Every structure is written in structure tokens, then in C-alpha cells.
file entry_12.txt (compact mmCIF, C-alpha atoms and all ligand atoms)
# COMPACT_ATOMS: atom_id res chain seq x y z
CA MET A 1 28.36 54.44 -3.51
CA SER A 2 29.39 51.69 -1.10
CA ILE A 3 27.89 48.18 -1.22
CA ASP A 4 26.14 48.77 2.13
CA ALA A 5 24.54 51.95 0.85
CA GLN A 6 23.36 50.15 -2.31
CA ILE A 7 21.89 47.29 -0.29
CA LEU A 8 20.03 49.70 2.00
CA MET A 9 18.79 51.67 -0.98
CA ALA A 10 17.47 48.50 -2.67
CA LEU A 11 15.79 47.36 0.55
CA ARG A 12 14.18 50.75 1.03
CA SER A 13 12.85 50.98 -2.49
CA ALA A 14 11.28 47.52 -2.06
CA LYS A 15 8.97 49.24 0.48
CA ASN A 16 6.79 46.49 2.00
CA GLY A 17 8.11 43.73 -0.22
CA GLY A 18 11.53 42.21 0.01
CA VAL A 19 14.48 41.76 -2.32
CA SER A 20 15.90 38.33 -3.07
CA GLY A 21 19.55 37.54 -2.43
CA ALA A 22 19.83 36.59 -6.11
CA ASP A 23 18.53 40.00 -7.25
CA LEU A 24 20.88 41.84 -4.90
CA SER A 25 23.79 39.72 -6.01
CA GLU A 26 23.08 40.45 -9.67
CA LYS A 27 22.44 44.14 -9.13
CA LEU A 28 25.61 44.69 -7.09
CA GLY A 29 27.84 42.31 -9.00
CA ILE A 30 28.86 40.35 -5.91
CA SER A 31 28.17 36.75 -4.83
CA ARG A 32 25.12 35.81 -2.75
CA ALA A 33 27.48 34.85 0.07
CA ALA A 34 28.99 38.33 -0.06
CA VAL A 35 25.49 39.88 0.05
CA TRP A 36 24.71 37.75 3.10
CA ALA A 37 27.97 38.84 4.79
CA ARG A 38 27.11 42.53 4.22
CA ILE A 39 23.58 41.97 5.56
CA GLU A 40 25.10 40.42 8.69
CA GLU A 41 27.32 43.50 9.11
CA LEU A 42 24.31 45.79 8.80
CA ARG A 43 22.42 43.68 11.35
CA ALA A 44 25.36 44.03 13.72
CA LEU A 45 24.96 47.82 13.41
CA GLY A 46 21.31 47.44 14.45
CA TYR A 47 19.50 47.35 11.09
CA ASP A 48 16.65 44.87 11.52
CA ILE A 49 16.70 42.93 8.25
CA GLN A 50 14.51 39.85 8.04
CA ALA A 51 15.25 37.05 5.61
CA SER A 52 12.69 34.59 4.33
CA PRO A 53 12.74 32.18 1.40
CA HIS A 54 9.63 33.70 -0.23
CA VAL A 55 10.10 37.42 0.35
CA GLY A 56 13.91 37.61 0.43
CA TYR A 57 15.54 40.31 2.54
CA LYS A 58 13.26 42.89 4.10
CA LEU A 59 14.21 46.05 6.02
CA VAL A 60 12.00 46.10 9.11
CA SER A 61 13.52 48.94 11.10
CA ILE A 62 16.57 51.15 11.16
CA PRO A 63 18.65 51.77 14.27
CA ASP A 64 19.20 55.18 15.81
CA VAL A 65 22.75 55.41 14.53
CA LEU A 66 24.35 57.74 12.03
CA HIS A 67 25.82 55.69 9.21
CA ALA A 68 27.51 57.77 6.52
CA ASP A 69 26.70 55.38 3.65
CA ASP A 70 23.10 55.11 4.71
CA LEU A 71 22.64 58.87 4.99
CA ARG A 72 24.29 59.36 1.62
CA SER A 73 22.10 56.72 -0.03
CA ARG A 74 19.03 58.58 1.19
CA LEU A 75 20.19 61.89 -0.23
CA GLN A 76 20.48 60.94 -3.89
CA ASP A 77 18.38 63.94 -4.86
CA VAL A 78 20.43 66.72 -3.23
CA LYS A 79 22.41 69.06 -5.47
CA VAL A 80 25.04 70.27 -3.00
CA VAL A 81 24.36 69.88 0.72
CA GLY A 82 25.03 66.28 1.78
CA ARG A 83 26.68 64.94 -1.36
CA ASP A 84 29.68 63.95 0.79
CA ILE A 85 28.95 62.71 4.33
CA ARG A 86 31.37 61.65 7.05
CA VAL A 87 30.50 60.39 10.52
CA PHE A 88 32.87 60.37 13.49
CA GLN A 89 32.26 58.72 16.85
CA GLU A 90 33.87 61.64 18.64
CA THR A 91 35.48 64.91 17.61
CA THR A 92 36.51 68.08 19.35
CA SER A 93 34.11 70.20 17.27
CA THR A 94 32.69 69.23 13.87
CA ASN A 95 33.37 72.82 12.77
CA ASP A 96 37.08 72.15 13.34
CA VAL A 97 36.96 68.97 11.24
CA VAL A 98 35.19 70.78 8.42
CA GLU A 99 37.63 73.65 8.58
CA LYS A 100 40.45 71.21 7.96
CA LEU A 101 38.54 69.69 5.04
CA ALA A 102 37.98 73.19 3.67
CA ARG A 103 41.68 73.98 3.85
CA ASP A 104 42.42 70.65 2.14
CA GLY A 105 40.26 71.79 -0.77
CA VAL A 106 37.25 69.49 -0.24
CA LYS A 107 34.26 70.46 -2.39
CA GLU A 108 31.30 72.35 -0.92
CA GLY A 109 28.39 70.31 0.36
CA ALA A 110 30.51 68.03 2.57
CA VAL A 111 28.87 67.32 5.93
CA VAL A 112 30.59 66.02 9.05
CA PHE A 113 28.56 64.46 11.87
CA ALA A 114 29.88 63.42 15.27
CA GLU A 115 28.12 61.15 17.73
CA SER A 116 29.66 63.32 20.43
CA GLN A 117 31.88 66.39 20.67
CA SER A 118 34.41 66.96 23.42
CA LYS A 119 34.69 70.68 22.60
CA GLY A 120 31.36 71.56 21.00
CA ARG A 121 31.11 75.33 20.91
CA GLY A 122 28.63 78.11 20.41
CA ARG A 123 29.31 81.70 19.46
CA LEU A 124 31.98 83.73 21.27
CA GLY A 125 33.61 80.54 22.53
CA ARG A 126 30.58 79.45 24.59
CA LYS A 127 30.25 75.76 25.33
CA TRP A 128 27.78 73.57 23.40
CA VAL A 129 26.63 70.47 25.27
CA SER A 130 26.91 67.47 22.90
CA PRO A 131 26.43 64.11 24.68
CA PRO A 132 26.86 60.89 22.66
CA GLY A 133 24.07 59.36 20.59
CA LYS A 134 21.35 61.81 21.62
CA GLY A 135 21.61 64.74 19.27
CA LEU A 136 22.66 65.82 15.84
CA TRP A 137 26.00 67.61 16.00
CA PHE A 138 27.17 68.39 12.48
CA SER A 139 28.78 70.96 10.20
CA VAL A 140 28.30 71.77 6.52
CA LEU A 141 31.00 73.15 4.23
CA LEU A 142 29.83 75.76 1.69
CA ARG A 143 31.72 77.84 -0.85
CA PRO A 144 29.14 80.43 -1.93
CA ASN A 145 30.07 82.90 -4.58
CA PHE A 146 29.01 86.06 -2.74
CA HIS A 147 30.11 88.97 -0.59
CA PRO A 148 31.06 88.10 3.02
CA LEU A 149 28.27 90.39 4.26
CA CYS A 150 25.72 88.00 2.75
CA THR A 151 26.81 85.15 5.02
CA THR A 152 23.90 85.82 7.39
CA GLN A 153 21.67 84.57 4.56
CA LEU A 154 23.07 81.10 5.18
CA THR A 155 22.29 81.24 8.90
CA VAL A 156 18.76 82.30 8.00
CA ALA A 157 18.47 79.49 5.45
CA SER A 158 19.69 76.83 7.88
CA ALA A 159 17.25 78.09 10.51
CA THR A 160 14.23 77.85 8.20
CA ALA A 161 15.41 74.43 7.00
CA LEU A 162 15.60 73.26 10.63
CA VAL A 163 12.10 74.48 11.41
CA ARG A 164 10.64 72.72 8.33
CA ALA A 165 12.47 69.46 9.03
CA ILE A 166 11.52 69.45 12.73
CA ARG A 167 7.91 70.02 11.72
CA SER A 168 7.86 67.24 9.12
CA GLN A 169 9.62 64.70 11.35
CA THR A 170 7.98 65.41 14.72
CA GLY A 171 4.89 67.53 14.06
CA VAL A 172 6.29 70.13 16.49
CA GLN A 173 6.25 73.78 15.42
CA ALA A 174 9.52 75.43 16.38
CA GLU A 175 10.33 79.12 16.01
CA ILE A 176 13.42 81.09 15.13
CA LYS A 177 15.04 83.61 17.40
CA TRP A 178 17.29 85.78 15.26
CA PRO A 179 19.94 85.05 14.31
CA ASN A 180 20.77 81.50 15.29
CA ASP A 181 18.46 79.94 17.88
CA ILE A 182 15.63 77.48 17.30
CA LEU A 183 13.15 77.49 20.16
CA ILE A 184 10.16 75.42 21.20
CA CYS A 185 7.88 77.13 23.72
CA GLY A 186 10.68 79.59 24.49
CA LYS A 187 13.34 76.93 25.15
CA LYS A 188 16.32 76.32 22.92
CA VAL A 189 16.25 73.07 20.95
CA ALA A 190 18.91 73.88 18.35
CA GLY A 191 21.65 76.38 17.64
CA ILE A 192 23.64 77.39 14.60
CA LEU A 193 27.26 78.49 14.55
CA THR A 194 28.29 80.16 11.29
CA GLU A 195 32.03 80.55 10.73
CA LEU A 196 33.60 82.24 7.78
CA SER A 197 36.88 82.49 5.95
CA ALA A 198 36.93 85.39 3.53
CA GLU A 199 38.91 87.95 1.56
CA ILE A 200 37.75 91.57 1.71
CA ASP A 201 35.04 91.12 -0.89
CA SER A 202 34.71 87.40 -1.44
CA VAL A 203 34.00 84.33 0.64
CA LYS A 204 36.54 81.49 0.66
CA TYR A 205 34.33 79.14 2.60
CA VAL A 206 31.57 79.12 5.19
CA ILE A 207 31.06 76.47 7.85
CA ILE A 208 27.54 76.08 9.17
CA GLY A 209 27.64 74.15 12.45
CA ILE A 210 24.29 72.86 13.64
CA GLY A 211 23.45 71.31 16.99
CA VAL A 212 20.00 69.78 17.53
CA ASP A 213 18.88 68.35 20.88
CA VAL A 214 17.02 65.29 19.64
CA ASN A 215 16.61 62.58 22.28
CA LEU A 216 18.09 64.25 25.36
CA GLN A 217 16.22 64.04 28.66
CA ASN A 218 16.18 67.05 30.95
CA SER A 219 18.76 65.28 33.11
CA ASP A 220 21.18 65.10 30.14
CA PHE A 221 21.60 68.87 30.24
CA PRO A 222 23.98 70.31 32.84
CA PRO A 223 22.25 72.44 35.50
CA GLU A 224 23.27 75.76 33.95
CA VAL A 225 21.49 74.90 30.67
CA ARG A 226 18.60 72.75 31.96
CA ASN A 227 16.12 75.60 32.37
CA ILE A 228 16.75 77.19 28.99
CA ALA A 229 17.09 74.07 26.81
CA THR A 230 14.75 71.34 25.63
CA SER A 231 14.79 68.44 23.19
CA LEU A 232 12.56 67.11 20.44
CA GLN A 233 11.88 63.99 22.50
CA VAL A 234 10.82 66.04 25.52
CA GLU A 235 8.55 68.25 23.37
CA SER A 236 7.03 65.58 21.12
CA ARG A 237 6.98 62.91 23.84
CA ARG A 238 8.44 60.33 21.53
CA HIS A 239 11.81 59.05 20.45
CA VAL A 240 12.92 60.71 17.20
CA ASN A 241 15.05 58.81 14.70
CA ARG A 242 18.15 60.94 14.17
CA ALA A 243 18.98 59.60 10.70
CA ASP A 244 15.48 60.48 9.46
CA LEU A 245 15.76 63.96 10.94
CA ALA A 246 19.31 64.47 9.61
CA THR A 247 18.33 63.61 6.04
CA ALA A 248 15.27 65.87 6.26
CA ILE A 249 17.38 68.81 7.49
CA LEU A 250 20.02 68.38 4.80
CA ARG A 251 17.41 68.05 2.05
CA GLU A 252 15.62 71.22 3.20
CA PHE A 253 18.89 73.13 3.56
CA ASP A 254 19.95 72.04 0.07
CA ILE A 255 16.73 73.53 -1.33
CA ASP A 256 17.29 76.88 0.40
CA TYR A 257 20.98 76.96 -0.49
CA GLY A 258 19.94 76.45 -4.13
CA ARG A 259 17.59 79.43 -3.82
CA ILE A 260 20.32 81.64 -2.34
CA CYS A 261 22.81 80.68 -5.05
CA ALA A 262 20.16 81.51 -7.66
CA GLY A 263 19.79 85.00 -6.16
CA GLN A 264 16.39 84.20 -4.64
CA PHE A 265 17.06 84.91 -0.98
CA GLU A 266 13.68 86.68 -0.78
CA LYS A 267 11.95 83.28 -1.00
CA VAL A 268 13.93 82.06 2.01
CA ALA A 269 13.33 85.32 3.87
CA GLU A 270 9.57 85.03 3.29
CA GLN A 271 9.47 81.73 5.20
CA TRP A 272 11.81 83.05 7.84
CA GLU A 273 9.49 85.96 8.53
CA GLN A 274 6.62 83.56 9.17
CA GLN A 275 8.68 81.39 11.55
CA CYS A 276 10.55 84.11 13.41
CA SER A 277 9.59 85.07 16.95
CA THR A 278 11.89 88.12 16.93
CA LEU A 279 10.07 90.19 14.29
CA GLY A 280 7.43 92.58 15.50
CA HIS A 281 8.84 92.61 19.03
CA ASN A 282 10.72 95.14 21.06
CA VAL A 283 14.21 93.76 21.41
CA CYS A 284 17.41 94.37 23.25
CA ILE A 285 20.45 93.26 21.25
CA ARG A 286 23.95 93.03 22.60
CA VAL A 287 26.46 93.54 19.79
CA GLY A 288 29.95 93.29 21.27
CA ASP A 289 30.00 95.89 24.06
CA ARG A 290 27.14 97.90 22.56
CA THR A 291 23.44 97.43 23.37
CA VAL A 292 20.74 98.33 20.88
CA TYR A 293 17.11 98.75 22.01
CA GLY A 294 14.33 98.95 19.46
CA HIS A 295 11.59 97.30 17.47
CA ALA A 296 12.58 94.39 15.19
CA GLU A 297 10.94 95.45 11.93
CA ALA A 298 12.20 93.26 9.11
CA LEU A 299 14.96 91.21 7.58
CA ASP A 300 17.23 92.99 5.10
CA THR A 301 18.15 91.47 1.74
CA ASP A 302 21.45 90.15 3.15
CA GLY A 303 19.84 88.57 6.22
CA ALA A 304 20.59 91.46 8.60
CA LEU A 305 17.93 92.40 11.15
CA LEU A 306 16.43 95.87 10.71
CA VAL A 307 15.71 97.44 14.08
CA ARG A 308 13.90 100.75 14.57
CA THR A 309 15.71 102.25 17.53
CA GLN A 310 14.18 104.33 20.32
CA HIS A 311 15.44 107.40 18.44
CA GLY A 312 13.62 106.45 15.25
CA HIS A 313 16.68 105.36 13.24
CA LEU A 314 16.67 102.10 11.32
CA GLU A 315 19.73 100.08 12.36
CA ARG A 316 21.04 97.08 10.49
CA ILE A 317 22.26 94.39 12.87
CA ILE A 318 24.31 91.55 11.42
CA GLY A 319 24.94 89.57 14.60
CA GLY A 320 24.41 89.67 18.33
CA ASP A 321 22.47 88.27 21.27
CA VAL A 322 18.81 89.11 21.22
CA THR A 323 16.54 89.38 24.25
CA LEU A 324 12.85 89.99 23.68
CA GLU A 325 11.59 92.94 25.72
CA LYS A 326 8.11 92.98 27.24
C1 LIG B 1 24.83 78.43 19.43
O1 LIG B 1 25.67 79.32 20.09
O2 LIG B 1 23.66 78.27 19.66
C2 LIG B 1 25.53 77.62 18.35
C3 LIG B 1 25.56 76.15 18.66
C4 LIG B 1 26.17 75.36 17.55
C5 LIG B 1 26.48 73.94 17.95
C6 LIG B 1 26.96 73.13 16.77
S1 LIG B 1 27.07 71.44 17.15
C7 LIG B 1 27.93 71.13 15.68
C8 LIG B 1 28.89 72.29 15.48
N1 LIG B 1 30.15 72.05 16.16
C9 LIG B 1 30.32 72.92 17.16
O3 LIG B 1 31.33 72.94 17.91
N2 LIG B 1 29.31 73.77 17.22
C10 LIG B 1 28.32 73.52 16.20
P1 LIG B 1 25.18 80.41 21.16
O4 LIG B 1 24.06 81.22 20.58
O5 LIG B 1 26.41 81.12 21.55
O6 LIG B 1 24.58 79.56 22.33
C11 LIG B 1 25.40 78.91 23.27
C12 LIG B 1 24.61 78.79 24.56
O7 LIG B 1 23.53 77.84 24.40
C13 LIG B 1 25.44 78.27 25.74
O8 LIG B 1 26.10 79.33 26.38
C14 LIG B 1 24.36 77.62 26.63
O9 LIG B 1 23.69 78.61 27.38
C15 LIG B 1 23.35 77.09 25.62
N3 LIG B 1 23.58 75.66 25.31
C16 LIG B 1 24.72 74.94 25.36
N4 LIG B 1 24.52 73.68 24.95
C17 LIG B 1 23.21 73.59 24.62
C18 LIG B 1 22.39 72.56 24.10
N5 LIG B 1 22.86 71.34 23.81
N6 LIG B 1 21.09 72.84 23.88
C19 LIG B 1 20.57 74.07 24.14
N7 LIG B 1 21.30 75.10 24.62
C20 LIG B 1 22.60 74.86 24.86
call {"tool": "encode", "arguments": {"input": "entry_12.txt", "output": "C-alpha cells"}}
result
Amino acid sequence: MSIDAQILMALRSAKNGGVSGADLSEKLGISRAAVWARIEELRALGYDIQASPHVGYKLVSIPDVLHADDLRSRLQDVKVVGRDIRVFQETTSTNDVVEKLARDGVKEGAVVFAESQSKGRGRLGRKWVSPPGKGLWFSVLLRPNFHPLCTTQLTVASATALVRAIRSQTGVQAEIKWPNDILICGKKVAGILTELSAEIDSVKYVIIGIGVDVNLQNSDFPPEVRNIATSLQVESRRHVNRADLATAILREFDIDYGRICAGQFEKVAEQWEQQCSTLGHNVCIRVGDRTVYGHAEALDTDGALLVRTQHGHLERIIGGDVTLEK
């Protein structure tokens, strides 16, 4: 772990107290002058660190920036998701960056954040609006040992993780629209783009791309999206710290990924069923050039949606665009 991450970790664990320069210097094995220099660097990034002769260094507030070392230092407890974190100021799409990492053999659990994306994308090549500094635009690399058809389980897991983290960080109750939308009061606040590289019966890697509209104002969305999108700031009426939210999402996703790897998808599905606005409704689903009408009954064991069609058949849908019917 980097020196900066260790300093931030020590300051955080001091809670309301402070940590003396001498203690930090001893703990990190660097001189007090070097500690001071690192503290100055962190202050320049916006970390408000007070220094006083009696209390030592004290972390007063953290800036709304994504700092890879800081995020990593706050995710000591994760098993897989978030054990390697990289932050870019700008990328084309974080899914592209992670795909390159995957091909280079990087271990699963790596997460790439970008402050902004010039070519953020949704499914079927749709555009994903990703302005700088206002959202969480990131992708997670996973190498699950399962059949490609089970990949929907990961989309389901990331959706439930998002709902839990949004709830714990903002108090707002979001809902899931199958398969990949997170909505608040019917407006989209986050989306998930799951991309896969696989052999016929085994997965090579999966990239879960997640976009969360955190502190965007309505005017930050282009006109064509403004009426269907919202942000956590708009809904909770307060600024949301992105680093806090990011660590909460990754921690929750790590828990659900652990469950899936242990063959306990049903535990994830249980939560999903409580948070999902699609189930129990009549739906219209566009799957490629086909349209399926029916009643969304349940989630199958691989994450597929089970829809009772107008003709009484139970259809398994593994992807598509859902519209709720009246
Ligand atoms: C999605 O696609 O919802 C998946 C979005 C995934 C974005 C993340 S960001 C990090 C990673 N890197 C990427 O390049 N992508 C992932 P889909 O269901 O196809 O929805 C796309 C539609 O959502 C667009 O056609 C717009 O109507 C709408 N949209 C675009 N930007 C939005 C935004 N910021 N917030 C809400 N809705 C948006």
C-alpha cells in the first residue's frame, strides 16, 4: 500500500483524535519531514488535514475526488472486488480500459474509475453521458468459474449492490428495472453494462461497467436524456461524496460476488426480488427484433427473467429492453 494510503488509513482510524507526526513517521518508516511533505500533497488534493501540537494531524474532511490509494485503503476487507483500483482523469470507456487489462492477464477484482469518459456507452452501442467529476463511471474485471449463461447473475448482483449502497449512503430507496437499470421514482439514476468474453462453455472474463449519476444537476443531462434521468443529488437534495459511495458499492458487490462464487445465487436473487420493479408487472420486452408481451413472474436460477406470455408459455429472457405495461 502506498504511503499516502497508509497515512489516510492511520488518520481515519484515529477517528476524532489525531495522530502525531512522530507516530506516523515511526509507523511508516519515513522521516517526520517526509510525513509532512506527504500531508502537504494530500492537502493539495483537497484533503482537509489539520495539524496542531497537542493533537497531531487530524483528518477533518475528504474532498470529492477519486483517489486510487485512498479508495484502496478503505477496502481492506474486500476479498475480490476492489483489491486493485485505478483512477483515470479521462478515458474513452472504462470498459475498454478493463478489457485491455483482462487481455494483459490482470487478476479479477481490478476496478477502473474515470472522472470522465469521452465514449461512455450503454448497451447496443448507445451513448452514456459521463461528465467530469459528477458521477461514478467505473468497470470491474471478474473471472468467474461458471457457464456463460450465468453471466446475468453478475448483472443482478451489481444491481442489488447498487441499491443497498445508494440506500446506506443517501437514505434514498432505488429500484431495479430488469436487467440493468436502477431507477428512483421511475427515472434512471444508474445503468450497468455487462460485457463478456467466453468459450462455448466457460467464461474467460466478464466486465461489469457501472455508471451512477451522483451529483449531476438536471442541466448536466443533454435534452434527450433530461426527462428520463435523475441523480442522487437531485433526489436526496444533498451533495453525495463519491468516494464514500464508491467504496460502499464495491464492498456490497464483493459480498454478492462471494455468494455467487459459493453457489448461493438464491441469496442474491431473494434481495433482487424485493427491490425489483419489473416483477409482478405486465411487461413488453424487446429482444433484438422480437417483442415479448407477458407477465414478469420470477427470476430463474441463472438470473434470466421468467415471463408468462399471453399464450400461457413461460419464456426465459436473458436480455432485452423492458417497458412496463399498464
Ligand atoms: C446502460 O445502457 O444503462 C448501461 C450504462 C453503463 C455505463 C457505464 S459507465 C462505466 C462503464 N463504461 C462505459 O462505457 N459504460 C459503463 P442502456 O440500458 O443501453 O441505457 C442507455 C440509455 O440510457 C441511453 O440511450 C440514454 O437514453 C440513457 N442515458 C445515457 N446517459 C445516461 C445517464 N448518465 N444517466 C441516465 N440515463 C442515461
call {"tool": "residues_near_ligand", "arguments": {"input": "entry_12.txt", "ligand": "ligand LIG 1 (chain B)", "cutoff": "6 Å", "atoms": "only C-alpha atoms and all ligand atoms", "output": "list in words"}}
result
Ser93, Thr94, Asn95, Gly120, Arg121, Gly122, Arg123, Arg126, Lys127, Trp128, Val129, Ser130, Trp137, Phe138, Ser139, Asp181, Lys188, Val189, Gly191, Ile192, Leu193, Gly209, Ile210, Gly211, Asp213, Val225 and Ala229 of chain A
call {"tool": "closest_residue", "arguments": {"input": "entry_12.txt", "among": "A:Arg316, A:Ser2, A:Ala157, A:Gln233", "to": "Gly171 in chain A", "atoms": "all atoms listed in the file"}}
result
A:Gln233
call {"tool": "residues_around", "arguments": {"input": "entry_12.txt", "residues": "Val292 in chain A", "least_positions_apart": "2", "cutoff": "9 Å", "atoms": "only C-alpha atoms", "output": "JSON, numbers by chain"}}
result
{"A": [283, 284, 285, 286, 287, 290, 294, 307, 309, 310, 315]}
call {"tool": "residues_around", "arguments": {"input": "entry_12.txt", "residues": "range 71-82 of chain A", "least_positions_apart": "3", "cutoff": "7 Å", "atoms": "only C-alpha atoms", "output": "PDB file with C-alpha atoms, keeping the file's coordinate frame"}}
result
ATOM      1  CA  ALA A   5      24.540  51.950   0.850  1.00  0.00           C
ATOM      2  CA  MET A   9      18.790  51.670  -0.980  1.00  0.00           C
ATOM      3  CA  HIS A  67      25.820  55.690   9.210  1.00  0.00           C
ATOM      4  CA  ALA A  68      27.510  57.770   6.520  1.00  0.00           C
ATOM      5  CA  ILE A  85      28.950  62.710   4.330  1.00  0.00           C
ATOM      6  CA  GLU A 108      31.300  72.350  -0.920  1.00  0.00           C
ATOM      7  CA  GLY A 109      28.390  70.310   0.360  1.00  0.00           C
ATOM      8  CA  ALA A 110      30.510  68.030   2.570  1.00  0.00           C
ATOM      9  CA  VAL A 111      28.870  67.320   5.930  1.00  0.00           C
ATOM     10  CA  ALA A 243      18.980  59.600  10.700  1.00  0.00           C
ATOM     11  CA  THR A 247      18.330  63.610   6.040  1.00  0.00           C
ATOM     12  CA  LEU A 250      20.020  68.380   4.800  1.00  0.00           C
ATOM     13  CA  ARG A 251      17.410  68.050   2.050  1.00  0.00           C
ATOM     14  CA  PHE A 253      18.890  73.130   3.560  1.00  0.00           C
ATOM     15  CA  ASP A 254      19.950  72.040   0.070  1.00  0.00           C
TER      16      ASP A 254
END
call {"tool": "closest_residue", "arguments": {"input": "entry_12.txt", "among": "A:Ile7, A:Tyr47, A:Glu90, A:Ser202", "to": "Ser118 in chain A", "atoms": "all atoms listed in the file"}}
result
A:Glu90
call {"tool": "closest_residue", "arguments": {"input": "entry_12.txt", "among": "A:Arg238, A:Lys177, A:Ala34, A:Asp201", "to": "Ala296 in chain A", "atoms": "only C-alpha atoms"}}
result
A:Lys177
call {"tool": "closest_residue", "arguments": {"input": "entry_12.txt", "among": "A:Gly125, A:Ser20, A:Ser61, A:Gly133", "to": "Phe113 in chain A", "atoms": "only C-alpha atoms"}}
result
A:Gly133
call {"tool": "build_atoms", "arguments": {"input": "entry_12.txt", "residues": "range 253-281 of chain A", "atoms": "N, CA and C atoms", "output": "PDB file, keeping the file's coordinate frame"}}
result
ATOM      1  N   PHE A 253      17.826  72.112   3.654  1.00  0.00           N
ATOM      2  CA  PHE A 253      18.890  73.130   3.560  1.00  0.00           C
ATOM      3  C   PHE A 253      19.406  73.202   2.117  1.00  0.00           C
ATOM      4  N   ASP A 254      19.495  72.060   1.468  1.00  0.00           N
ATOM      5  CA  ASP A 254      19.950  72.040   0.070  1.00  0.00           C
ATOM      6  C   ASP A 254      19.002  72.872  -0.802  1.00  0.00           C
ATOM      7  N   ILE A 255      17.710  72.762  -0.539  1.00  0.00           N
ATOM      8  CA  ILE A 255      16.730  73.530  -1.330  1.00  0.00           C
ATOM      9  C   ILE A 255      16.972  75.029  -1.126  1.00  0.00           C
ATOM     10  N   ASP A 256      17.123  75.439   0.133  1.00  0.00           N
ATOM     11  CA  ASP A 256      17.290  76.880   0.400  1.00  0.00           C
ATOM     12  C   ASP A 256      18.657  77.380  -0.084  1.00  0.00           C
ATOM     13  N   TYR A 257      19.669  76.526   0.012  1.00  0.00           N
ATOM     14  CA  TYR A 257      20.980  76.960  -0.490  1.00  0.00           C
ATOM     15  C   TYR A 257      20.888  77.175  -2.007  1.00  0.00           C
ATOM     16  N   GLY A 258      20.159  76.298  -2.676  1.00  0.00           N
ATOM     17  CA  GLY A 258      19.940  76.450  -4.130  1.00  0.00           C
ATOM     18  C   GLY A 258      19.278  77.793  -4.426  1.00  0.00           C
ATOM     19  N   ARG A 259      18.296  78.153  -3.601  1.00  0.00           N
ATOM     20  CA  ARG A 259      17.590  79.430  -3.820  1.00  0.00           C
ATOM     21  C   ARG A 259      18.559  80.610  -3.646  1.00  0.00           C
ATOM     22  N   ILE A 260      19.389  80.532  -2.597  1.00  0.00           N
ATOM     23  CA  ILE A 260      20.320  81.640  -2.340  1.00  0.00           C
ATOM     24  C   ILE A 260      21.319  81.761  -3.495  1.00  0.00           C
ATOM     25  N   CYS A 261      21.822  80.637  -3.951  1.00  0.00           N
ATOM     26  CA  CYS A 261      22.810  80.680  -5.050  1.00  0.00           C
ATOM     27  C   CYS A 261      22.168  81.204  -6.335  1.00  0.00           C
ATOM     28  N   ALA A 262      20.851  81.014  -6.458  1.00  0.00           N
ATOM     29  CA  ALA A 262      20.160  81.510  -7.660  1.00  0.00           C
ATOM     30  C   ALA A 262      19.700  82.955  -7.470  1.00  0.00           C
ATOM     31  N   GLY A 263      20.143  83.596  -6.390  1.00  0.00           N
ATOM     32  CA  GLY A 263      19.790  85.000  -6.160  1.00  0.00           C
ATOM     33  C   GLY A 263      18.359  85.173  -5.672  1.00  0.00           C
ATOM     34  N   GLN A 264      17.792  84.092  -5.076  1.00  0.00           N
ATOM     35  CA  GLN A 264      16.390  84.200  -4.640  1.00  0.00           C
ATOM     36  C   GLN A 264      16.275  84.141  -3.114  1.00  0.00           C
ATOM     37  N   PHE A 265      17.107  84.922  -2.438  1.00  0.00           N
ATOM     38  CA  PHE A 265      17.060  84.910  -0.980  1.00  0.00           C
ATOM     39  C   PHE A 265      15.683  85.336  -0.468  1.00  0.00           C
ATOM     40  N   GLU A 266      14.984  86.171  -1.276  1.00  0.00           N
ATOM     41  CA  GLU A 266      13.680  86.680  -0.780  1.00  0.00           C
ATOM     42  C   GLU A 266      12.711  85.541  -0.503  1.00  0.00           C
ATOM     43  N   LYS A 267      12.850  84.421  -1.255  1.00  0.00           N
ATOM     44  CA  LYS A 267      11.950  83.280  -1.000  1.00  0.00           C
ATOM     45  C   LYS A 267      12.245  82.647   0.352  1.00  0.00           C
ATOM     46  N   VAL A 268      13.530  82.620   0.716  1.00  0.00           N
ATOM     47  CA  VAL A 268      13.930  82.060   2.010  1.00  0.00           C
ATOM     48  C   VAL A 268      13.467  83.016   3.114  1.00  0.00           C
ATOM     49  N   ALA A 269      13.667  84.311   2.865  1.00  0.00           N
ATOM     50  CA  ALA A 269      13.330  85.320   3.870  1.00  0.00           C
ATOM     51  C   ALA A 269      11.829  85.317   4.170  1.00  0.00           C
ATOM     52  N   GLU A 270      11.037  85.069   3.126  1.00  0.00           N
ATOM     53  CA  GLU A 270       9.570  85.030   3.290  1.00  0.00           C
ATOM     54  C   GLU A 270       9.181  83.994   4.357  1.00  0.00           C
ATOM     55  N   GLN A 271       9.758  82.814   4.238  1.00  0.00           N
ATOM     56  CA  GLN A 271       9.470  81.730   5.200  1.00  0.00           C
ATOM     57  C   GLN A 271       9.968  82.098   6.577  1.00  0.00           C
ATOM     58  N   TRP A 272      11.178  82.676   6.577  1.00  0.00           N
ATOM     59  CA  TRP A 272      11.810  83.050   7.840  1.00  0.00           C
ATOM     60  C   TRP A 272      10.902  83.995   8.612  1.00  0.00           C
ATOM     61  N   GLU A 273      10.324  84.964   7.854  1.00  0.00           N
ATOM     62  CA  GLU A 273       9.490  85.960   8.530  1.00  0.00           C
ATOM     63  C   GLU A 273       8.268  85.323   9.187  1.00  0.00           C
ATOM     64  N   GLN A 274       7.783  84.229   8.575  1.00  0.00           N
ATOM     65  CA  GLN A 274       6.620  83.560   9.170  1.00  0.00           C
ATOM     66  C   GLN A 274       7.013  82.760  10.421  1.00  0.00           C
ATOM     67  N   GLN A 275       8.273  82.293  10.460  1.00  0.00           N
ATOM     68  CA  GLN A 275       8.680  81.390  11.550  1.00  0.00           C
ATOM     69  C   GLN A 275       9.426  82.110  12.668  1.00  0.00           C
ATOM     70  N   CYS A 276       9.635  83.424  12.501  1.00  0.00           N
ATOM     71  CA  CYS A 276      10.550  84.110  13.410  1.00  0.00           C
ATOM     72  C   CYS A 276       9.810  84.786  14.569  1.00  0.00           C
ATOM     73  N   SER A 277      10.255  84.490  15.777  1.00  0.00           N
ATOM     74  CA  SER A 277       9.590  85.070  16.950  1.00  0.00           C
ATOM     75  C   SER A 277      10.164  86.449  17.277  1.00  0.00           C
ATOM     76  N   THR A 278      11.234  86.841  16.597  1.00  0.00           N
ATOM     77  CA  THR A 278      11.890  88.120  16.930  1.00  0.00           C
ATOM     78  C   THR A 278      11.154  89.304  16.278  1.00  0.00           C
ATOM     79  N   LEU A 279      10.692  89.085  15.034  1.00  0.00           N
ATOM     80  CA  LEU A 279      10.070  90.190  14.290  1.00  0.00           C
ATOM     81  C   LEU A 279       8.815  90.700  14.975  1.00  0.00           C
ATOM     82  N   GLY A 280       8.644  91.998  14.926  1.00  0.00           N
ATOM     83  CA  GLY A 280       7.430  92.580  15.500  1.00  0.00           C
ATOM     84  C   GLY A 280       7.524  92.780  17.004  1.00  0.00           C
ATOM     85  N   HIS A 281       8.680  92.456  17.576  1.00  0.00           N
ATOM     86  CA  HIS A 281       8.840  92.610  19.030  1.00  0.00           C
ATOM     87  C   HIS A 281       9.832  93.718  19.355  1.00  0.00           C
TER      88      HIS A 281
END
